[in-house]
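This report refers to the structure that appears directly beneath it.
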Amino acid sequence: MGDKGNTTVQTIVGVRFRPAGKIYYFEPDGEEYAAGEKVIVETARGLEFGEIVTPNREVPDEQITTPLKKVVRRASPKDEEQVGAHRAKESEAFATCEQKIAEHNLPMSLVGAEYTFDGQKLIFYFTAENRVDFRELVRDLAATFKTRIELRQIGVRDEAKMLGGLGPCGRPICCATFLGDFQPVSIRMAKEQNLSLNPTKISGLCGRLMCCLRYECEHYGDSRESLPDVGSAVMTPEGEGKVVAVNVLRNIVAVALEGGEQAEFPAEEVVPGNSKPDDDPKPDANHRSEGNGRKHGGQPGATQGSPRCDEG
């Protein structure tokens with residue numbers, strides 16, 4: 001533990017227990033660890049095997065929950081063999097548990113099985129629409145495996161994270177590859193980016209809104225601040241008009257001019273108008289092609305007015 005100015009800092013390492021899992025902080029206890037090293041750490045459920053993903057670094061006390069548990073030691077080849085043996089037994093345990101669930105006729109779907117590092121506990125992860133009384137199932141499993149049994153109900157997003165799969169983009173889903181924590185995602189983010197609001201188009205394998213809707217949300221919000229609002233009166237190189245659409249990515253503003261025509265202008269050529277047009281100009285079916293070469297006519301996919309993504 002150190003002191004930088006008036007801020008107390010502590011040296012930590014970040015450990016992950018499963019691929020793309022949450023990162024937990026531990027005290028390195030005076031040792032230097034590099035990313036990728038396998039370690040044995042002390043956790044609330046006993047000793048666990050994990051991988052260093054954040055090497056030694058100092059963080060302010062307010063960013064961590066103290067007291068931190070310690071890294072016990074580096075993992076040995078024997079430790080890794082033990083973990084491998086547990087992983088091999090988990091597949092058998094999974095199949096047995098599925099059979100027991102069917103025998104007890106319980107409305108639950110098994111997702112995964114996991115042994116703790118010391119092999120003293122076997123954890124089964126499952127999903128269910130409602131609460132399930134699985135006490136008889138636990139007793140049956142404990143008699144079968146001769147170890148402590150824990151059944152843990154998880155949500156559909158955690159299920160997708162554990163099982164993995166391919167997203168609509170054709171790539172492995174984000175939560176199973178690099179997302180450590182789930183962040184809130186709202187329908188406003190899809191509206192901000194002018195995406196289809198069809199649930200099948202913006203939902204992931206879990207059935208919830210795709211996590212990637214959040215990735216560009218901040219950029220859209222920041223870029224929109226420099227663009228005029230849809231419906232506002234503006235002055236363009238071709239005269240006054242009213243904004244009918246904006247394209248955030250291209251930084252283009254579509255304006256309905258007073259003459260009834262619609263044209264697109266770079267955002268820097270559009271300034272707030274001094275007067276408001278009398279009526280809402282209507283796009284003209286006969287788009288003007290002469291002039292300075294600016295594109296006229298509506299822009300498919302131009303972003304209509306919508307609230308900032310950080311409002312909801």
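Please note that chains go A, B, ... in the order of the structure tokens, that every chain numbers its residues from 1, and that ligands are numbered from 1 in the order shown.
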Q.
Using DSSP secondary structure from the backbone, list all alpha helix (DSSP H) positions within segment 47-242 of chain A, as a PyMOL selection string.
A. chain A and resi 77-104+135-145+156-163+187-192+199-202+217-224
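Omitting Tyr215 of chain A and its sequence neighbours fewer than 6 positions away, and counting only C-alpha atoms, the residues within 12 Å are Cys174, Leu179, Gln183, Pro184, Val185, Met189, Ala190, Gln193, Gly221 and Cys309 of chain A.
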Original post:
Could you pull out all residues of segment 94-267 of chain A with a DSSP call of strand (DSSP E or B) and give them as an MDAnalysis selection string?
Top reply: chainID A and resid 109:115 121:127 148:153 166 172 203 209 233:236 239:247 252:257 262:266
Find the nearest atom pair between each residue of segment 24-92 of chain A and segment 111-122 of chain A for residues within 10 Å, count only C-alpha atoms, give distances in Å to one decimal, sort rows by chain and ascending number, and present the table as a tab-separated table.
residue	atom	partner	partner_atom	distance
A:Ile40	CA	A:Phe117	CA	9.0
A:Arg45	CA	A:Thr116	CA	8.2
A:Gly46	CA	A:Asp118	CA	8.0
A:Leu47	CA	A:Phe117	CA	6.4
A:Glu48	CA	A:Phe117	CA	5.1
A:Phe49	CA	A:Phe117	CA	6.1
A:Gly50	CA	A:Phe117	CA	9.7
A:Asp79	CA	A:Phe117	CA	8.6
A:Glu80	CA	A:Phe117	CA	9.9
A:Gln82	CA	A:Phe117	CA	7.8
A:Val83	CA	A:Phe117	CA	6.5
A:Ala85	CA	A:Tyr115	CA	9.9
A:His86	CA	A:Tyr115	CA	6.1
A:Arg87	CA	A:Glu114	CA	7.5
A:Lys89	CA	A:Tyr115	CA	8.4
A:Glu90	CA	A:Ala113	CA	5.6
A:Ser91	CA	A:Ala113	CA	7.4
A:Glu92	CA	A:Ala113	CA	9.2
Expected file: the selected residues, C-alpha atoms, as a compact mmCIF listing (two decimals), in the first residue's frame:
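See selection_27.txt below for the written result:
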# COMPACT_ATOMS: atom_id res chain seq x y z
CA ILE A 40 -4.03 -20.07 -6.91
CA ARG A 45 -15.61 -20.37 -1.68
CA GLY A 46 -12.06 -21.53 -0.95
CA LEU A 47 -8.94 -21.83 -3.08
CA GLU A 48 -9.49 -21.25 -6.80
CA PHE A 49 -7.39 -21.56 -9.95
CA GLY A 50 -7.25 -18.45 -12.14
CA ASP A 79 -2.44 -27.86 -10.08
CA GLU A 80 -3.06 -27.60 -13.81
CA GLN A 82 -5.94 -31.30 -11.25
CA VAL A 83 -7.99 -28.61 -13.02
CA ALA A 85 -9.14 -33.70 -14.44
CA HIS A 86 -12.03 -31.70 -12.98
CA ARG A 87 -12.95 -30.37 -16.44
CA LYS A 89 -15.42 -35.00 -14.99
CA GLU A 90 -17.70 -31.98 -15.51
CA SER A 91 -19.01 -33.35 -18.81
CA GLU A 92 -20.02 -36.59 -17.13
